[in-house]
Structure formats: C-alpha cells, structure tokens
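S.K.: Quick one, protein-v9.txt (compact mmCIF, C-alpha atoms):
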```
# COMPACT_ATOMS: atom_id res chain seq x y z
CA MET A 7 -10.87 51.14 63.05
CA PHE A 8 -13.49 48.39 63.07
CA GLU A 9 -16.26 50.21 64.98
CA ARG A 10 -17.98 51.15 61.75
CA PHE A 11 -17.70 47.64 60.29
CA LYS A 12 -20.99 45.77 60.01
CA GLN A 13 -21.19 42.11 60.98
CA ASP A 14 -20.80 40.88 57.38
CA ALA A 15 -17.63 42.96 56.92
CA ARG A 16 -16.24 41.62 60.21
CA ASP A 17 -17.06 38.11 59.03
CA VAL A 18 -15.00 38.70 55.89
CA VAL A 19 -12.04 39.93 57.95
CA LYS A 20 -12.31 36.87 60.22
CA GLY A 21 -12.88 34.62 57.21
CA ALA A 22 -9.71 35.98 55.58
CA VAL A 23 -7.69 34.98 58.64
CA ALA A 24 -9.23 31.50 58.46
CA GLN A 25 -8.41 31.27 54.75
CA ALA A 26 -4.78 32.24 55.43
CA GLU A 27 -4.62 29.65 58.20
CA ARG A 28 -6.05 26.96 55.95
CA ALA A 29 -3.55 27.83 53.21
CA GLY A 30 -0.67 27.70 55.69
CA ALA A 31 0.18 31.34 54.91
CA GLN A 32 2.09 33.30 57.51
CA SER A 33 0.14 36.47 56.89
CA VAL A 34 -3.24 37.55 55.59
CA GLY A 35 -3.21 38.89 52.05
CA THR A 36 -5.71 40.43 49.68
CA GLU A 37 -6.35 37.03 48.08
CA HIS A 38 -7.58 35.75 51.45
CA LEU A 39 -10.05 38.64 51.64
CA LEU A 40 -11.37 37.67 48.21
CA LEU A 41 -11.63 33.98 49.19
CA ALA A 42 -13.58 35.00 52.29
CA LEU A 43 -15.90 37.16 50.18
CA LEU A 44 -16.59 34.20 47.89
CA ASP A 45 -17.90 32.30 50.92
CA SER A 46 -20.14 35.10 52.18
CA GLU A 47 -23.87 34.45 52.21
CA GLY A 48 -26.91 36.66 52.49
CA SER A 49 -24.87 39.85 52.34
CA ARG A 50 -24.65 42.66 49.82
CA ALA A 51 -21.32 41.42 48.48
CA SER A 52 -22.71 37.93 47.97
CA PHE A 53 -25.72 39.45 46.21
CA ALA A 54 -23.44 41.44 43.88
CA LEU A 55 -21.21 38.44 43.17
CA SER A 56 -24.25 36.25 42.42
CA ALA A 57 -25.80 38.92 40.19
CA LEU A 58 -22.56 39.05 38.22
CA GLY A 59 -22.51 35.26 37.87
CA LEU A 60 -19.58 34.62 40.15
CA ALA A 61 -21.45 32.27 42.48
CA GLU A 62 -21.19 29.51 39.85
CA ARG A 63 -17.60 30.39 39.02
CA ARG A 64 -15.99 30.16 42.41
CA GLU A 65 -13.75 27.28 41.44
CA PRO A 66 -12.12 29.00 38.42
CA VAL A 67 -11.57 32.04 40.64
CA ARG A 68 -9.95 29.93 43.35
CA ALA A 69 -7.82 28.19 40.71
CA ALA A 70 -6.68 31.54 39.25
CA LEU A 71 -5.72 32.79 42.73
CA GLU A 72 -3.80 29.59 43.41
CA GLN A 73 -1.96 29.92 40.10
CA ALA A 74 -0.98 33.51 40.91
CA ARG A 75 0.19 32.40 44.35
CA ARG A 76 2.52 29.84 42.77
CA ARG A 77 3.85 32.58 40.49
CA GLY A 78 4.95 34.44 43.62
CA GLY A 79 1.91 36.72 43.54
CA LEU A 80 2.62 38.09 40.07
CA THR A 81 -0.44 39.16 38.11
CA GLN A 82 -1.01 37.94 34.56
CA ALA A 83 -0.18 41.49 33.39
CA GLU A 84 3.17 41.33 35.20
CA THR A 85 3.79 37.87 33.77
CA ASP A 86 3.11 39.25 30.29
CA ALA A 87 5.42 42.22 30.95
CA LEU A 88 8.20 39.81 31.86
CA ALA A 89 7.46 37.71 28.77
CA GLY A 90 8.13 40.93 26.83
CA LEU A 91 11.62 40.88 28.30
CA GLY A 92 12.06 37.25 27.29
CA ILE A 93 11.46 35.92 30.81
CA ASP A 94 9.15 32.93 30.82
CA VAL A 95 7.59 33.07 34.31
CA PRO A 96 5.82 29.67 34.13
CA GLU A 97 9.15 28.12 33.17
CA VAL A 98 10.90 29.87 36.08
CA VAL A 99 8.17 28.64 38.45
CA ALA A 100 8.47 25.07 37.10
CA ARG A 101 12.25 25.01 37.59
CA VAL A 102 12.15 26.50 41.07
CA GLU A 103 9.42 24.06 42.12
CA GLU A 104 11.42 21.18 40.66
CA ALA A 105 14.35 22.08 42.88
CA HIS A 106 12.59 23.40 45.96
CA GLY A 107 9.12 21.85 45.98
CA ALA A 108 5.63 22.86 44.88
CA GLY A 109 4.65 26.38 45.88
CA ALA A 110 8.26 27.36 46.69
CA LEU A 111 7.86 30.84 45.21
CA SER A 112 4.59 31.46 47.00
CA ARG A 113 6.01 31.76 50.47
CA SER A 114 6.31 35.17 51.97
CA GLY A 115 9.82 36.44 52.60
CA LYS A 116 9.04 37.91 55.98
CA GLY A 117 7.33 36.52 59.01
CA GLY A 118 10.02 34.97 61.12
CA VAL A 119 8.77 32.57 63.74
CA ARG A 120 5.32 31.16 63.05
CA TRP A 121 3.14 32.05 65.98
CA PRO A 122 0.14 29.77 66.01
CA GLY A 123 -3.01 31.82 65.76
CA HIS A 124 -1.20 35.06 65.05
CA ARG A 125 -1.31 36.11 61.42
CA PRO A 126 -0.68 39.76 60.66
CA PHE A 127 -2.45 41.48 57.81
CA GLU A 128 -0.13 42.35 54.94
CA GLN A 129 0.09 46.04 54.03
CA GLU A 130 -1.92 45.44 50.83
CA ALA A 131 -4.73 43.79 52.81
CA LYS A 132 -4.75 46.68 55.29
CA ASP A 133 -4.94 49.06 52.34
CA VAL A 134 -8.03 47.21 51.08
CA LEU A 135 -9.74 47.65 54.46
CA THR A 136 -8.87 51.34 54.44
CA GLY A 137 -10.15 51.48 50.87
CA ALA A 138 -13.41 49.91 52.05
CA MET A 139 -13.83 52.77 54.51
CA ARG A 140 -13.18 55.26 51.71
CA ALA A 141 -15.64 53.46 49.43
CA ALA A 142 -18.31 53.73 52.14
CA THR A 143 -17.56 57.40 52.69
CA ALA A 144 -17.72 58.08 48.95
CA ARG A 145 -21.19 56.51 48.89
CA ARG A 146 -22.17 58.31 52.11
CA ASP A 147 -22.77 54.99 53.79
CA ARG A 148 -22.29 55.33 57.53
CA HIS A 149 -21.33 51.72 58.00
CA ILE A 150 -18.86 49.52 56.21
CA GLY A 151 -20.33 46.38 54.73
CA ASP A 152 -18.68 43.53 52.87
CA GLU A 153 -19.70 45.17 49.57
CA HIS A 154 -17.29 48.00 50.37
CA ILE A 155 -14.50 45.48 50.84
CA LEU A 156 -15.41 44.02 47.44
CA LEU A 157 -15.37 47.50 45.87
CA ALA A 158 -11.99 48.25 47.42
CA LEU A 159 -10.59 44.96 46.06
CA THR A 160 -11.70 45.83 42.52
CA VAL A 161 -9.83 49.15 42.49
CA ARG A 162 -6.57 48.07 44.07
CA PRO A 163 -4.15 46.89 41.36
CA GLY A 164 -3.13 43.32 42.03
CA VAL A 165 -4.09 39.69 41.64
CA PRO A 166 -7.63 39.85 43.16
CA ALA A 167 -8.66 42.83 40.99
CA GLU A 168 -7.27 41.14 37.90
CA VAL A 169 -8.99 37.82 38.61
CA LEU A 170 -12.28 39.59 39.43
CA ALA A 171 -12.10 41.67 36.24
CA ASP A 172 -11.46 38.49 34.22
CA HIS A 173 -14.85 37.33 35.53
CA GLY A 174 -16.63 40.58 34.84
CA VAL A 175 -16.45 41.92 38.38
CA THR A 176 -15.20 45.51 38.32
CA TYR A 177 -15.92 48.64 40.35
CA GLU A 178 -18.37 49.69 37.65
CA SER A 179 -20.23 46.38 37.41
CA VAL A 180 -20.50 46.01 41.19
CA THR A 181 -21.83 49.55 41.64
CA ARG A 182 -24.28 48.92 38.78
CA VAL A 183 -25.82 45.82 40.37
CA LEU A 184 -25.79 47.31 43.88
CA TYR A 185 -26.84 50.87 43.30
CA GLY A 186 -28.17 51.00 39.77
CA ASN A 187 -26.76 53.64 37.47
CA GLY A 188 -26.23 56.15 40.23
CA GLY A 189 -22.95 54.42 40.97
CA GLN A 190 -20.49 57.15 40.10
CA ALA A 191 -18.12 58.37 42.82
CA LYS A 192 -15.15 56.06 42.57
CA ALA A 193 -12.98 55.62 45.61
CA GLY A 194 -10.23 53.27 46.48
CA MET B 18 -5.95 44.16 8.69
CA TYR B 19 -3.79 41.19 9.50
CA VAL B 20 -0.69 43.10 8.46
CA ASP B 21 -1.80 46.03 10.63
CA ASN B 22 -2.12 43.78 13.65
CA MET B 23 1.28 42.32 13.02
CA THR B 24 2.69 45.83 12.78
CA ASP B 25 1.02 46.71 16.09
CA ALA B 26 2.50 43.65 17.74
CA THR B 27 5.94 44.51 16.42
CA ASP B 28 5.54 48.11 17.62
CA LEU B 29 4.58 46.90 21.05
CA ALA B 30 7.56 44.57 21.20
CA GLU B 31 9.86 47.43 20.21
CA ARG B 32 8.33 49.77 22.77
CA ALA B 33 8.86 47.12 25.42
CA GLY B 34 12.55 47.18 24.58
CA ASP B 35 13.31 50.87 24.95
CA GLY B 36 10.50 53.17 23.87
CA ASP B 37 7.36 53.37 25.99
CA PRO B 38 8.38 54.11 29.59
CA ARG B 39 5.21 52.58 31.01
CA VAL B 40 5.81 49.17 29.45
CA GLY B 41 9.44 49.23 30.47
CA LEU B 42 8.76 50.34 34.06
CA ARG B 43 6.06 47.73 34.55
CA ALA B 44 8.41 45.03 33.38
CA VAL B 45 11.08 46.24 35.81
CA ALA B 46 8.60 46.30 38.72
CA ALA B 47 7.49 42.76 37.87
CA LEU B 48 11.08 41.61 37.63
CA ARG B 49 11.81 43.10 41.05
CA ARG B 50 8.91 41.16 42.59
CA LEU B 51 10.09 37.96 40.96
CA LEU B 52 13.65 38.64 42.12
CA GLU B 53 12.50 39.08 45.73
CA ARG B 54 10.76 35.72 45.67
CA LEU B 55 13.72 33.98 44.06
CA GLU B 56 16.10 35.47 46.61
CA THR B 57 13.89 34.27 49.47
CA VAL B 58 13.86 30.73 48.09
CA GLN B 59 17.62 30.65 47.65
CA VAL B 60 18.47 32.20 51.02
CA ARG B 61 16.19 29.74 52.83
CA ASN B 62 17.73 26.86 50.99
CA ALA B 63 21.24 28.02 51.89
CA ARG B 64 20.29 28.42 55.58
CA ARG B 65 18.74 24.95 55.57
CA GLN B 66 22.03 23.61 54.26
CA GLY B 67 23.89 25.29 57.11
CA TRP B 68 25.36 28.28 55.29
CA SER B 69 26.34 31.26 57.43
CA TRP B 70 24.90 34.72 56.82
CA GLN B 71 28.38 35.83 55.76
CA GLU B 72 28.63 33.11 53.11
CA ILE B 73 25.18 33.96 51.74
CA ALA B 74 25.98 37.70 51.73
CA THR B 75 29.21 37.09 49.83
CA GLU B 76 27.39 35.22 47.07
CA LEU B 77 24.65 37.87 46.87
CA GLY B 78 27.14 40.72 46.89
CA ASP B 79 25.46 42.25 49.95
CA SER B 80 26.66 42.98 53.46
CA ARG B 81 26.14 40.32 56.11
CA GLN B 82 24.12 42.82 58.16
CA ALA B 83 21.77 43.60 55.26
CA VAL B 84 21.07 39.93 54.54
CA HIS B 85 20.60 39.06 58.19
CA LYS B 86 18.29 42.01 58.77
CA LYS B 87 16.15 40.98 55.80
CA TYR B 88 16.00 37.24 56.39
CA GLY B 89 17.04 36.70 60.01
CA ARG B 90 14.82 34.98 62.56
CA GLN B 91 13.58 32.40 60.07
```
Before we go any further, please render this structure as structure tokens.

M.R.:
Amino acid sequence: MFERFKQDARDVVKGAVAQAERAGAQSVGTEHLLLALLDSEGSRASFALSALGLAERREPVRAALEQARRRGGLTQAETDALAGLGIDVPEVVARVEEAHGAGALSRSGKGGVRWPGHRPFEQEAKDVLTGAMRAATARRDRHIGDEHILLALTVRPGVPAEVLADHGVTYESVTRVLYGNGGQAKAG
Amino acid sequence: MYVDNMTDATDLAERAGDGDPRVGLRAVAALRRLLERLETVQVRNARRQGWSWQEIATELGDSRQAVHKKYGRQ
C-alpha cells in the first residue's frame, strides 16, 4: 500500500505513531495523523496549512483535539445533538472524570495487552490513508504526498475535519491554496 | 427578526424531538458512541475491583460470553 507514498507522507504516518505513543494511546487514530501533519515542515501540507494561517494556531488546534479526546472522541456537532436530547456531555465527562480520573472516557475500549512499540491503526485512520490515495488519483497525482492525507482528513466526518473546518481548513480551501481554482474533483 | 429566530430555534428543538429524522438519527449515533465509552469505563472499573465477567454481564443485562468477548484480555 505504501509504495506510492512520498517521503513526506511516510513521515506523517510515522509521526502519527509517535504522537499516539506520546499520548499513551493504544492505537493510532485520525487525530494523531492531524497532529503529525501540524509538525510537518517544508512539505505541501505544511505550505497549505501555513497559507491558511494554521501555523500560528497549532495550540488551539491541539487543545480542541484534546478536548474532543476527553469527550470520548465526540465531535462538537455530536455534543450539540446530545444537548438537544437534554444530555449535557461536558457534565457527563466531568462526573466520570471525578470518579475514574482525568481522561477516563478517552481510552479506547479495545486493545487488550499493551505491546510496547506495537500500535495498530484504527479503522478510521486506515480509511484516511485510503482516502489519501483516492485524493491523489482524483488529482491524477502519481504519488501520495502529505497534502493528500490532509485532503482526506478534511472530507472524513469526525473530530479532525471539524477542528480543521473551525480554523478555515476545508477540502475547498486546501485545494484553492495548493492548486488554485482548478481544484474541483472531490474525493474522499 | 428576533421573533423569527426564536421561532426557528423552537422549530429545531421540536424537530430534534420527533420530526426531522436526520437530527434524531445523529443524536442516537452520538448517544451510542457515548454509551460505548461509558460502558468501557464501568466494565474496567468492575474488573479492577475483582468482579467476575458473570457479575458484570448480569448488571449489564448481557450474556457472560458477549461481555467477555468484547472486553476480555484487558
């Protein structure tokens, strides 16, 4: 699968594993891919993120991801949907953390024994990498760069796409800064 | 204008209750995700306190096999 990945895309995949390790997560999720992208330098994704002003807003992005993690990976939209049912998610999180410790809801339900050094990619993260291949194909790019991973993250519903959109990073804005106005063909 | 917005908000709240399927389905999907996380926290806590899979299953209203298959090896 990774033959067509350029070095910067491979660096993001490796960086995501490192981010998961640092966070003490048992598996690599889409948020780790985004965190790795935020650290990329001299690549097309880093150019796009800088052009859209995200380089100076890394901390708010990290904070938003951390907040979503503590909510058990619920997006703000999901939190609002639950509020519509009368369920106050921040209150639920506060009570669970009070009884079971900070970040109690953030831990993944699966995983079993923690093998040091072995962190599987969650299905959602695998889907993003597949989406990156599709994004490259849609643009007739032979190789997959980290910008395709970024594009795939923006179209997959979930916390990273929501946080990116909150900061003006969408499929449309990324294609605009990378390819000018010829950025049609949407793929995810 | 203000009254219109208030009416919109009320409409939305009513749709969330029973009308608009999209709003309702999204809320259910979100609730399911939250439920999964809550269950994980509670099952782990019970195991830490020495509860058997059977005892946990009884409280959850599930079979022992189902609970063990989902949370075993932790």

S.K.: Mind giving me the straight-line distance from CA of Ser56 in chain A to CA of Leu43 in chain A in Å, one decimal?

M.R.: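 According to the coordinates, CA of Ser56 in chain A and CA of Leu43 in chain A are separated by 11.4 Å.
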
S.K.: When you count only C-alpha atoms, which of these residues is closest to chain B: A:Val18, A:Leu44, A:Val34, A:Ala74?

M.R.: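 Looking at the shortest contact to chain B, the residue is A:Ala74.
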
S.K.: Which residues, protein or nucleic acid, reach to within 12 Å of (0.9, 40.1, 33.4) in the file's coordinates when using all atoms listed in the file, and can you give that as a PDB file with C-alpha atoms, keeping the file's coordinate frame?

M.R.:
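What landed in selection-v4.pdb:
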```pdb
ATOM      1  CA  ALA A  74      -0.980  33.510  40.910  1.00  0.00           C
ATOM      2  CA  ARG A  77       3.850  32.580  40.490  1.00  0.00           C
ATOM      3  CA  GLY A  79       1.910  36.720  43.540  1.00  0.00           C
ATOM      4  CA  LEU A  80       2.620  38.090  40.070  1.00  0.00           C
ATOM      5  CA  THR A  81      -0.440  39.160  38.110  1.00  0.00           C
ATOM      6  CA  GLN A  82      -1.010  37.940  34.560  1.00  0.00           C
ATOM      7  CA  ALA A  83      -0.180  41.490  33.390  1.00  0.00           C
ATOM      8  CA  GLU A  84       3.170  41.330  35.200  1.00  0.00           C
ATOM      9  CA  THR A  85       3.790  37.870  33.770  1.00  0.00           C
ATOM     10  CA  ASP A  86       3.110  39.250  30.290  1.00  0.00           C
ATOM     11  CA  ALA A  87       5.420  42.220  30.950  1.00  0.00           C
ATOM     12  CA  LEU A  88       8.200  39.810  31.860  1.00  0.00           C
ATOM     13  CA  ALA A  89       7.460  37.710  28.770  1.00  0.00           C
ATOM     14  CA  GLY A  90       8.130  40.930  26.830  1.00  0.00           C
ATOM     15  CA  LEU A  91      11.620  40.880  28.300  1.00  0.00           C
ATOM     16  CA  ILE A  93      11.460  35.920  30.810  1.00  0.00           C
ATOM     17  CA  ASP A  94       9.150  32.930  30.820  1.00  0.00           C
ATOM     18  CA  VAL A  95       7.590  33.070  34.310  1.00  0.00           C
ATOM     19  CA  PRO A  96       5.820  29.670  34.130  1.00  0.00           C
ATOM     20  CA  PRO A 163      -4.150  46.890  41.360  1.00  0.00           C
ATOM     21  CA  GLY A 164      -3.130  43.320  42.030  1.00  0.00           C
ATOM     22  CA  VAL A 165      -4.090  39.690  41.640  1.00  0.00           C
ATOM     23  CA  GLU A 168      -7.270  41.140  37.900  1.00  0.00           C
ATOM     24  CA  VAL A 169      -8.990  37.820  38.610  1.00  0.00           C
TER      25      VAL A 169
ATOM     26  CA  VAL B  40       5.810  49.170  29.450  1.00  0.00           C
ATOM     27  CA  ARG B  43       6.060  47.730  34.550  1.00  0.00           C
ATOM     28  CA  ALA B  44       8.410  45.030  33.380  1.00  0.00           C
ATOM     29  CA  ALA B  46       8.600  46.300  38.720  1.00  0.00           C
ATOM     30  CA  ALA B  47       7.490  42.760  37.870  1.00  0.00           C
ATOM     31  CA  LEU B  48      11.080  41.610  37.630  1.00  0.00           C
TER      32      LEU B  48
END
```

S.K.: Have a look at CA of Ala42 in chain A and CA of Glu178 in chain A and let me know their distance in Å, one decimal.

M.R.: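 Computing the Euclidean distance for CA of Ala42 in chain A and CA of Glu178 in chain A yields 21.3 Å.
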
S.K.: May I ask which of the residues B:Thr57, B:Arg64, B:Ser69, B:Gly36 is the closest one to chain A, counting only C-alpha atoms?

M.R.: B:Thr57

S.K.: Which of these, B:Pro38, B:Tyr88, B:Gln82, B:Glu72, has the shortest distance to chain A once you count all atoms listed in the file?

M.R.: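 When distances to chain A are compared using all atoms listed in the file, the smallest one comes from B:Tyr88.
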
S.K.: Residues within 12 Å of Phe8 in chain A, please, as a PyMOL selection string. Count all atoms listed in the file; anything in the same chain fewer than 5 positions from it doesn't count.

M.R.: chain A and resi 13-17+19-20+132+135-136+138-139+149-151

S.K.: What is the distance, in Å and to one decimal place, between CA of Asp152 in chain A and CA of His38 in chain A?

M.R.: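 If I compute the distance from CA of Asp152 in chain A to CA of His38 in chain A, I get 13.6 Å.
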
S.K.: So which one's closest to chain B, A:Glu47, A:Glu37, A:Glu103, A:Glu128? Using all atoms listed in the file, please.

M.R.: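 Under the stated criterion, the closest residue is A:Glu103.
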
S.K.: From the set B:Leu52, B:Val45, B:Ala83, B:Val58, which residue has the shortest atom-to-atom contact distance to Ala110 in chain A, counting all atoms listed in the file?

M.R.: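 Looking only at the distances to Ala110 in chain A, the closest residue turns out to be B:Val58.
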
S.K.: Fewer than 2 positions away in the same chain doesn't count, so skip those; otherwise give me all residues within 10 Å of Phe127 in chain A, counting all atoms listed in the file, as a count of residues only.

M.R.: 17

S.K.: For Asn62 in chain B, please output as a tab-separated table (two decimals) with C-alpha atoms, in the frame of the given file all residues within 12 Å (counting all atoms listed in the file; exclusion window: fewer than 3 positions along the same chain).

M.R.:
```tsv
chain	number	residue	atom	x	y	z
A	102	VAL	CA	12.15	26.50	41.07
A	105	ALA	CA	14.35	22.08	42.88
A	106	HIS	CA	12.59	23.40	45.96
A	107	GLY	CA	9.12	21.85	45.98
A	110	ALA	CA	8.26	27.36	46.69
B	55	LEU	CA	13.72	33.98	44.06
B	56	GLU	CA	16.10	35.47	46.61
B	57	THR	CA	13.89	34.27	49.47
B	58	VAL	CA	13.86	30.73	48.09
B	59	GLN	CA	17.62	30.65	47.65
B	65	ARG	CA	18.74	24.95	55.57
B	66	GLN	CA	22.03	23.61	54.26
B	67	GLY	CA	23.89	25.29	57.11
B	68	TRP	CA	25.36	28.28	55.29
B	69	SER	CA	26.34	31.26	57.43
B	73	ILE	CA	25.18	33.96	51.74
B	88	TYR	CA	16.00	37.24	56.39
B	91	GLN	CA	13.58	32.40	60.07
```
